[in-house]
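Asks: After the C-alpha cells below, expect a handful of questions from me.
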Amino acid sequence: MQCQEHSAVTKEAPSLVVPARNCSVRRTVEIVLDSWSFLILREAFFGVKRFDGFQSRLAIPRQTLSNRLANLLDHNILSAGNRPNEPYKQYFLTPRGRDLFPTMLSFMEFGDKWLAGDEPPPLQLIHTTCGRKCRPVTVCSECLDPVDAREVRHRDGPGAGYSPLKVRSSTRRISDVSLLQSVRPCSVARSLALVGDRWSFLILREGWFGVRRFEEMRENLGIATNILADRLNRLVEAGIFDRVPYSSGGDRLEYRFTEMGLDLYKPQLAMMAWGDRWMSNDQPPLRLRHRKCDQDFKAVVICSECKTPIHAVKTDYELTYTLED
Ligand SMILES: [Zn+2]
Ligand SMILES: [Zn+2]
C-alpha cells in the first residue's frame, strides 16, 4: 500500500503552479494540512515539548521532524527556548498555535463520527471549564446550532480573488498517516488521511464552491486528468463523494457530496476561521452566512455539555487505548 502511494507521487510533476481561489483555508492548509506538522501540533497540545518527545511519540525521522519544527517556528505556530534549569530546548505553542486547537477538535469530531467504526472514540475529552466528559461540536458563532453544509451560503469578502498556488506533490503524506495510526489511534489522523494531500483538499474545496463536474474541476485547478481521476476515485471510495448522473440528464457523471462528505465541511470552516483570524490581515476572502439564523458567522467549536467554546488550556483527556511504549 505504501509503495503504491509513493509511486503515485513520483509520477506527478515535482511542482506546478495553478490558479487558486483566495481562501483562508488554503493559507491554513499550507501550514497544517501537512500531516506531520498537524501531528506534531497534536503532540504539542498533549503537552510534548522536547524534540526527543516528538520523535519517540511519532516515530518520525529526525530530519523530517527538524524540518517541520523549523517550518512551524517560521510560521509562528510554535516558539522555542530553554526554561531555567532545563538543559533541553523546548517547543511551546504560541497563541496562534494554540488557536488551532478548535480545528483539531473539529477534525476529531468528524473522525469520531465517521471513521471510528465500532470502536469507541480513541480520545475522551474532558472540558475542565465544566468538569465533564464532552464531545467537540462545530457550531455557528451566532446561533450556536451545529453547522450543516447545506445551510451555509458564502459570498466574496474584501480579500477575494484568485492567486497562483504552488502545489508541491512532495507534501503528500497519506501513507505517513496510516503509519502513525499504528502508533496512536487518532480521529484527527484518520480524517487527515482522507484530505491529507493537497489535491484532494483542493478538489473538496471546489466541491464546496458548488463545482461538481470533472471538466470544471480540471479547468479550475489546472490539474492533470489522471491525477484528478485518481483523487476522485479515492474520494468516492472513501465515501466522500457519490458519482451520479448529471442533473440535466444524459449519461455523464458528476460528483456530489455524501452525508459524510458534507460533514467534512465543518473542519474546513474551523480552519477558515483560524485563517481569517491570523492570516487574512482583516481582509477575509469569504463571508459566510448561516441560513438558519440569517446572520454572518464563523465556525466555533464548543463543548457538547456546557456549550461554551473549547480552548486548549481548558481541556484534559483520557485515552481509551494504551500506548505501546
Ligand atoms: Zn447561525
Ligand atoms: Zn463544557
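As shown in the C-alpha cells, the chain order sets the letters A, B, ...; within each chain, residues go from 1, and ligands are also counted from 1 in the order they appear.
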Check which residues of chain A sit at most 7 Å from ligand 1 using only C-alpha atoms and all ligand atoms, and return one row each with the closest pair of atoms and their distance in Å to one decimal, ordered by chain and rising number, as a tab-separated table.

Replies:
residue	atom	partner	partner_atom_place_in_ligand_line	distance
A:Cys140	CA	ligand 1	1 (Zn)	4.6
A:Ser141	CA	ligand 1	1 (Zn)	6.6
A:Glu142	CA	ligand 1	1 (Zn)	4.9
A:Cys143	CA	ligand 1	1 (Zn)	4.0
A:Leu144	CA	ligand 1	1 (Zn)	6.2
A:Asp145	CA	ligand 1	1 (Zn)	6.0
A:His290	CA	ligand 1	1 (Zn)	4.9
A:Lys292	CA	ligand 1	1 (Zn)	5.6
A:Cys293	CA	ligand 1	1 (Zn)	4.3
A:Asp294	CA	ligand 1	1 (Zn)	6.7
A:Gln295	CA	ligand 1	1 (Zn)	6.2
A:Phe297	CA	ligand 1	1 (Zn)	6.6

Asks: Once DSSP has gone over the backbone, tell me which residues of range 74-287 of chain A are in alpha helix (DSSP H), as a count of residues only.

Replies: 88

Asks: Report as a PDB file with N, CA and C atoms, in the first residue's frame which protein, DNA and RNA residues come within 8 Å of ligand 2, using only C-alpha atoms and all ligand atoms.

Replies:
ATOM      1  N   ILE A 126     -12.122  15.900  28.189  1.00  0.00           N
ATOM      2  CA  ILE A 126     -12.739  16.398  29.415  1.00  0.00           C
ATOM      3  C   ILE A 126     -12.599  17.911  29.407  1.00  0.00           C
ATOM      4  N   HIS A 127     -13.715  18.579  29.518  1.00  0.00           N
ATOM      5  CA  HIS A 127     -13.708  20.038  29.491  1.00  0.00           C
ATOM      6  C   HIS A 127     -13.547  20.527  30.914  1.00  0.00           C
ATOM      7  N   THR A 128     -12.398  21.094  31.238  1.00  0.00           N
ATOM      8  CA  THR A 128     -12.161  21.442  32.639  1.00  0.00           C
ATOM      9  C   THR A 128     -13.003  22.645  33.064  1.00  0.00           C
ATOM     10  N   THR A 129     -13.489  23.428  32.107  1.00  0.00           N
ATOM     11  CA  THR A 129     -14.384  24.541  32.448  1.00  0.00           C
ATOM     12  C   THR A 129     -15.639  24.031  33.161  1.00  0.00           C
ATOM     13  N   CYS A 130     -16.221  22.936  32.621  1.00  0.00           N
ATOM     14  CA  CYS A 130     -17.442  22.414  33.248  1.00  0.00           C
ATOM     15  C   CYS A 130     -17.189  21.094  33.965  1.00  0.00           C
ATOM     16  N   GLY A 131     -15.989  20.553  33.801  1.00  0.00           N
ATOM     17  CA  GLY A 131     -15.619  19.330  34.503  1.00  0.00           C
ATOM     18  C   GLY A 131     -16.240  18.066  33.933  1.00  0.00           C
ATOM     19  N   ARG A 132     -16.823  18.163  32.745  1.00  0.00           N
ATOM     20  CA  ARG A 132     -17.498  16.985  32.211  1.00  0.00           C
ATOM     21  C   ARG A 132     -16.798  16.371  31.016  1.00  0.00           C
ATOM     22  N   LYS A 133     -17.039  15.080  30.834  1.00  0.00           N
ATOM     23  CA  LYS A 133     -16.608  14.441  29.602  1.00  0.00           C
ATOM     24  C   LYS A 133     -17.431  15.034  28.472  1.00  0.00           C
ATOM     25  N   CYS A 134     -16.794  15.357  27.376  1.00  0.00           N
ATOM     26  CA  CYS A 134     -17.553  16.028  26.326  1.00  0.00           C
ATOM     27  C   CYS A 134     -17.088  15.628  24.935  1.00  0.00           C
ATOM     28  N   ILE A 302     -17.520  24.076  20.227  1.00  0.00           N
ATOM     29  CA  ILE A 302     -17.964  24.174  21.620  1.00  0.00           C
ATOM     30  C   ILE A 302     -18.048  22.800  22.275  1.00  0.00           C
ATOM     31  N   CYS A 303     -18.165  22.841  23.572  1.00  0.00           N
ATOM     32  CA  CYS A 303     -18.311  21.643  24.398  1.00  0.00           C
ATOM     33  C   CYS A 303     -19.762  21.153  24.279  1.00  0.00           C
ATOM     34  N   SER A 304     -19.930  19.847  24.058  1.00  0.00           N
ATOM     35  CA  SER A 304     -21.279  19.298  23.900  1.00  0.00           C
ATOM     36  C   SER A 304     -22.111  19.462  25.179  1.00  0.00           C
ATOM     37  N   GLU A 305     -21.448  19.638  26.316  1.00  0.00           N
ATOM     38  CA  GLU A 305     -22.169  19.647  27.585  1.00  0.00           C
ATOM     39  C   GLU A 305     -22.548  21.060  28.035  1.00  0.00           C
ATOM     40  N   CYS A 306     -21.559  21.952  28.093  1.00  0.00           N
ATOM     41  CA  CYS A 306     -21.862  23.294  28.616  1.00  0.00           C
ATOM     42  C   CYS A 306     -22.003  24.329  27.505  1.00  0.00           C
ATOM     43  N   LYS A 307     -21.765  23.907  26.252  1.00  0.00           N
ATOM     44  CA  LYS A 307     -21.966  24.770  25.070  1.00  0.00           C
ATOM     45  C   LYS A 307     -21.079  26.008  25.051  1.00  0.00           C
ATOM     46  N   THR A 308     -19.955  25.981  25.757  1.00  0.00           N
ATOM     47  CA  THR A 308     -19.030  27.110  25.634  1.00  0.00           C
ATOM     48  C   THR A 308     -17.831  26.663  24.782  1.00  0.00           C
ATOM     49  N   PRO A 309     -17.157  27.641  24.142  1.00  0.00           N
ATOM     50  CA  PRO A 309     -16.029  27.285  23.279  1.00  0.00           C
ATOM     51  C   PRO A 309     -14.947  26.526  24.039  1.00  0.00           C
ATOM     52  N   ILE A 310     -14.328  25.575  23.360  1.00  0.00           N
ATOM     53  CA  ILE A 310     -13.273  24.778  23.988  1.00  0.00           C
ATOM     54  C   ILE A 310     -11.914  25.362  23.615  1.00  0.00           C
TER      55      ILE A 310
END

Asks: Near Pro284 in chain A, counting only C-alpha atoms, which residues have an atom at most 7 Å away, once you skip same-chain residues fewer than 3 positions from it, shown as a ChimeraX atom specification?

Replies: /A:157-159,276,280

Asks: Considering only C-alpha atoms, state which residue in the set A:Phe110, A:Phe201, A:Phe214, A:Tyr265 is at the smallest distance from Tyr246 in chain A.

Replies: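 The closest residue to Tyr246 in chain A is A:Phe214.
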
Asks: Find the residues near range 59-67 of chain A: any atom within 9 Å, counting only C-alpha atoms, skip ones fewer than 4 places away on the same chain, and give them as an MDAnalysis selection string.

Replies: chainID A and resid 36:37 40 51:52 54:55 71:72 180 183

Asks: Would you save the residues of that selection, restricted to C-alpha atoms, as a compact mmCIF listing (two decimals), in the first residue's frame?

Replies:
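Once everything was written out, this is again.txt:
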# COMPACT_ATOMS: atom_id res chain seq x y z
CA TRP A 36 3.36 15.53 10.02
CA SER A 37 3.00 19.15 11.04
CA ILE A 40 3.41 17.45 15.79
CA PHE A 51 12.46 17.18 20.25
CA ASP A 52 13.01 13.67 21.57
CA PHE A 54 8.03 14.32 19.46
CA GLN A 55 10.46 11.92 17.90
CA ASN A 71 8.53 25.44 9.50
CA LEU A 72 6.19 25.72 12.49
CA LEU A 180 1.05 6.84 12.54
CA VAL A 183 1.37 4.42 16.96

Asks: Apply DSSP to the structure's backbone, then extract all residues of range 106-166 of chain A labelled strand (DSSP E or B) and return them as a PyMOL selection string.

Replies: chain A and resi 123-127+132-134+136-140+146+152-156+162-166

Asks: I need the residue nearest Leu105 in chain A from this list: A:Val244, A:Val313, A:Ala270, A:Leu93. Use only C-alpha atoms for the distance.

Replies: A:Ala270
